[in-house]
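Here the structure is laid out as structure tokens; the discussion comes afterwards.
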Amino acid sequence: MAVDLKHKSRELTEGPGRAPARSMLRAVGLRDEDFSKPLVAVANTWSEVTPCNYHLRDVAQKVKEGIREAGGVPIEFNSVVISDGISMGTEGMKASLISREVVADSIELVVRGHLFDAVVALSGCDKTIPGTVMALARLNLPSLMLYGGSIMPGQFQGRHVTIQEVFEAVGAHARGKMSDADLHDLERHACPGAGSCGGQFTANTMSIAFEFLGISPMSFNGVPALDPRKEAVATQCGHLIMDILKRDLRPARIITRDALENAIAAVACTGGSTNAVLHLLAVAHEMGVALTIDDFDVINQRIPLIADLKPGGRYVAADLYQAGGTRLVAKRLLDAGVLKSECLTVTGRTLKEEADTASETPGQEVLYRVEEPIKPTGGLVILHGNLAPEGCVVKVAGHKKLTHTGPAKVFDCEEDAFAAVRGGDILDGDVVVIRYEGPQGGPGMREMLGVTSALVGAGLGETVTLLTDGRFSGATHGLMAGHVAPEAAKGGPISAVKDGDSISFDVPNRRLDVNISPEELKSRLGQWTAPPLKYTSGVLAKYAKSVSSASTGAVTG
């Protein structure tokens with residue numbers, strides 16, 4: 001059966017009654033011949049706010065050229081972006097995770113409201129990546145997502161650096177371990193141009209996850225932001241979306257349970273960000289696919305860590321691209337028999353067919369062989385216990401410490417914890433507890449990179465642990481438990497912890513516990529009262545009233 005390429009837009013553009021709509025569309029450049037062609041949305045997240053998305057106007061132009069060449073009519077619109085790296089450690093960071101929902105909602109509304117036939121979504125900074133894919137899942141139109149690509153590493157005192165080193169330098173500077181001049185010099189050179197943060201932080205984690213998921217063409221996301229080849233893959237995406245439309249290939253055929261397991265495997269084997277748990281749970285929710293937080297632990301236990309990437313390793317995303325990229329990662333895992341090989345991708349080829357074309361750069365040291373991995377299991381684990389009945393997430397890539405027991409230092413907001421680190425109030429062996437920063441309590445579940453990096457910079461990264469109902473940046477490393485659920489604002493056990501309580505991390509046995517009796521814990525929780533919401537109007541208040549637990553993806557619908 002022939003596919004109607006104008007399956008949505010025909011209602012918008014055809015017939016005498018649509019003359020007013022056509023008249024308005026003429027004002028933005030459409031001509032007579034365009035009204036008989038499919039309308040393709042180019043959902044951009046361009047912004048001058050952050051280098052991650054700064055170049056996406058140029059990427060969009062190339063995508064649109066490809067769409068026109070392939071017989072479609074591209075129409076570009078924009079969504080929002082909140083820069084995690086810029087807002088980190090401030091009140092503004094509360095907006096970050098919330099922006100994921102706004103990106104998804106805004107794309108859905110514009111596409112539904114204007115009856116587009118297909119969608120190309122362009123992403124950059126952390127939350128725009130899952131936000132765009134959540135929208136594509138809801139809409140279930142022929143579509144794909146292209147990520148703008150990674151920044152190149154900066155140069156400081158003869159070595160490669162990323163924004164991670166700048167955050168850690170703040171802690172070193174506070175302890176007198178770095179001079180004002182060196183901090184300023186590092187700040188000036190760490191981010192040399194457009195592109196998302198260079199390590200296997202959240203942006204590059206979600207980039208490779210969505211290539212493995214199949215919603216992004218394999219190897220396209222991995223091209224660095226300012227590499228001349230980015231223009232070529234953008235144009236190819238314009239051609240590809242028209243082919244996807246002709247084949248009527250929709251996300252429901254791509255985003256399956258098996259494909260989501262492949263995406264989790266990509267995160268595991270590359271030591272990716274803990275935020276992938278939230279975002280893949282959210283995508284599964286939008287697609288109506290059953291996925292739980294504990295599935296991440298099961299999959300991570302059978303996937304080896306094979307990529308030597310920051311923050312735990314030595315290399316950045318641009319290095320992985322040069323070594324062989326996503327295809328080589330997929331081939332390593334497929335040859336080991338740990339992926340679902342027949343999952344369909346937007347190219348129309350299976351994951352195996354894409355991986356079979358992989359080539360490896362001779363002498364590369366970024367990607368290990370499965371037979372000789374960096375670690376035999378993946379980079380993320382899920383803990384439960386009396387502090388996290390619904391679970392929490394720990395990233396174990398890049399460090400060896402798997403157990404710790406120490407006294408709690410309790411803070412009811414990130415700012416107080418950061419001040420304590422800078423003031424020298426955190427000591428070897430302490431367990432830093434930051435609460436009321438969860439999805440509802442924050443609201444918005446702020447990332448704690450300022451605190452965790454300050455700990456590392458102060459020389460406490462291996463001797464101090466941390467737990468929070470907030471999130472961590474993909475650049476965080478050390479023994480840190482995030483997404484502790486239920487959160488404090490909903491009366492979770494983390495709300496009952498007191499200064500000096502003994503807290504134990506036990507990664508091998510998947511436990512996070514406060515060492516008090518069940519009776520004492522119950523008594524304390526019985527005396528707990530819910531704090532008032534921090535915002536009573538606006539988008540943050542709406543989010544706080546509707547958001548789910550971190551253990552289910554912190555979704556709002």
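Starting from 1 in every chain, residues are counted up; chains themselves are A, B, ... following the order of the structure tokens, and ligands are numbered from 1 as listed.
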
- Could you pull out the helix (DSSP H, G or I) residues of range 287-478 of chain A from DSSP and send them as an NGL selection string? :A and (287 or 293-300 or 317-323 or 325-335 or 351-355 or 414-422 or 449-457)

Interface rows for range 228-283 of chain A against range 101-111 of chain A: nearest pair, Å to one decimal, 12 Å, only C-alpha atoms, as CSV:
```
residue,atom,partner,partner_atom,distance
A:His279,CA,A:Glu101,CA,10.8
A:Ala282,CA,A:Glu101,CA,9.8
A:Val283,CA,A:Ala104,CA,10.5
```

- Item | Contacts of range 223-239 of chain A at 7 Å (only C-alpha atoms; same-chain gap of 4+ positions) as a PyMOL selection string | chain A and resi 59+62-67+70+148-151+194-195+219+243+318+321

Store the residues of this selection in a file with N, CA and C atoms, as a CSV table (one decimal), in the first residue's frame.
```csv
chain,number,residue,atom,x,y,z
A,59,VAL,N,23.5,23.7,12.0
A,59,VAL,CA,23.1,22.3,11.7
A,59,VAL,C,21.8,22.3,11.1
A,62,LYS,N,21.6,22.9,7.3
A,62,LYS,CA,22.0,21.7,6.5
A,62,LYS,C,20.9,20.6,6.5
A,63,VAL,N,20.2,20.4,7.6
A,63,VAL,CA,19.1,19.5,7.7
A,63,VAL,C,18.0,19.9,6.7
A,64,LYS,N,17.7,21.2,6.7
A,64,LYS,CA,16.7,21.7,5.8
A,64,LYS,C,17.1,21.6,4.3
A,65,GLU,N,18.4,21.8,4.0
A,65,GLU,CA,18.8,21.6,2.7
A,65,GLU,C,18.6,20.2,2.2
A,66,GLY,N,18.9,19.2,3.1
A,66,GLY,CA,18.6,17.8,2.8
A,66,GLY,C,17.2,17.5,2.6
A,67,ILE,N,16.3,18.1,3.4
A,67,ILE,CA,14.9,17.8,3.3
A,67,ILE,C,14.4,18.4,1.9
A,70,ALA,N,15.4,16.3,-1.0
A,70,ALA,CA,14.6,15.0,-1.0
A,70,ALA,C,13.1,15.2,-1.3
A,148,GLY,N,23.8,17.6,18.4
A,148,GLY,CA,24.8,18.6,17.8
A,148,GLY,C,26.2,18.2,17.9
A,149,GLY,N,26.6,17.3,18.9
A,149,GLY,CA,27.9,16.8,19.0
A,149,GLY,C,28.7,17.4,20.1
A,150,SER,N,29.8,16.8,20.4
A,150,SER,CA,30.7,17.2,21.5
A,150,SER,C,31.6,18.3,21.2
A,151,ILE,N,31.9,19.1,22.2
A,151,ILE,CA,33.0,20.1,22.2
A,151,ILE,C,34.3,19.4,22.1
A,194,ALA,N,32.0,25.7,20.3
A,194,ALA,CA,30.7,25.1,20.4
A,194,ALA,C,30.8,23.6,20.6
A,195,GLY,N,29.7,23.1,21.2
A,195,GLY,CA,29.6,21.6,21.5
A,195,GLY,C,29.3,21.3,22.9
A,219,SER,N,26.4,6.6,14.5
A,219,SER,CA,27.6,7.3,14.2
A,219,SER,C,27.4,8.8,13.9
A,243,ASP,N,13.1,9.6,3.6
A,243,ASP,CA,13.0,8.1,3.4
A,243,ASP,C,12.2,7.4,4.5
A,318,ALA,N,35.3,13.0,21.7
A,318,ALA,CA,35.9,13.2,20.4
A,318,ALA,C,37.0,12.1,20.2
A,321,TYR,N,35.2,8.9,19.1
A,321,TYR,CA,34.8,9.1,17.7
A,321,TYR,C,36.0,8.7,16.8
```

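Excluding Glu342 in chain A and any residue on its chain fewer than 4 positions from it, the residues at most 7 Å away by only C-alpha atoms are Thr350, Leu351 and Lys352 of chain A.
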
- Query: DSSP says strand (DSSP E) for which residues of range 464-499 of chain A? Put them as JSON, numbers by chain?
  - Reply: {"A": [465, 466, 467, 468, 480, 481, 482, 483, 484, 485]}

Dump of C-alpha atoms for the selected residues, as a compact mmCIF listing (two decimals), in the first residue's frame:
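The new file again21.txt reads:
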```
# COMPACT_ATOMS: atom_id res chain seq x y z
CA THR A 465 30.86 9.64 50.39
CA LEU A 466 27.66 11.47 49.59
CA LEU A 467 23.99 10.68 49.19
CA THR A 468 21.15 12.87 47.99
CA MET A 480 28.04 9.00 45.50
CA ALA A 481 24.39 7.85 45.69
CA GLY A 482 21.83 9.98 43.89
CA HIS A 483 18.09 9.77 43.18
CA VAL A 484 17.46 8.43 46.72
CA ALA A 485 13.78 7.54 46.75
```

- Item | Selected residue, from A:Ser546, A:Thr50, A:Asn509, A:Ser453, that lies nearest to Pro439 in chain A when counting only C-alpha atoms | A:Ser546

- Distance query Asn78 in chain A at most 7 Å, only C-alpha atoms, self and fewer than 6 positions along chain excluded, as a PyMOL selection string: chain A and resi 43-46
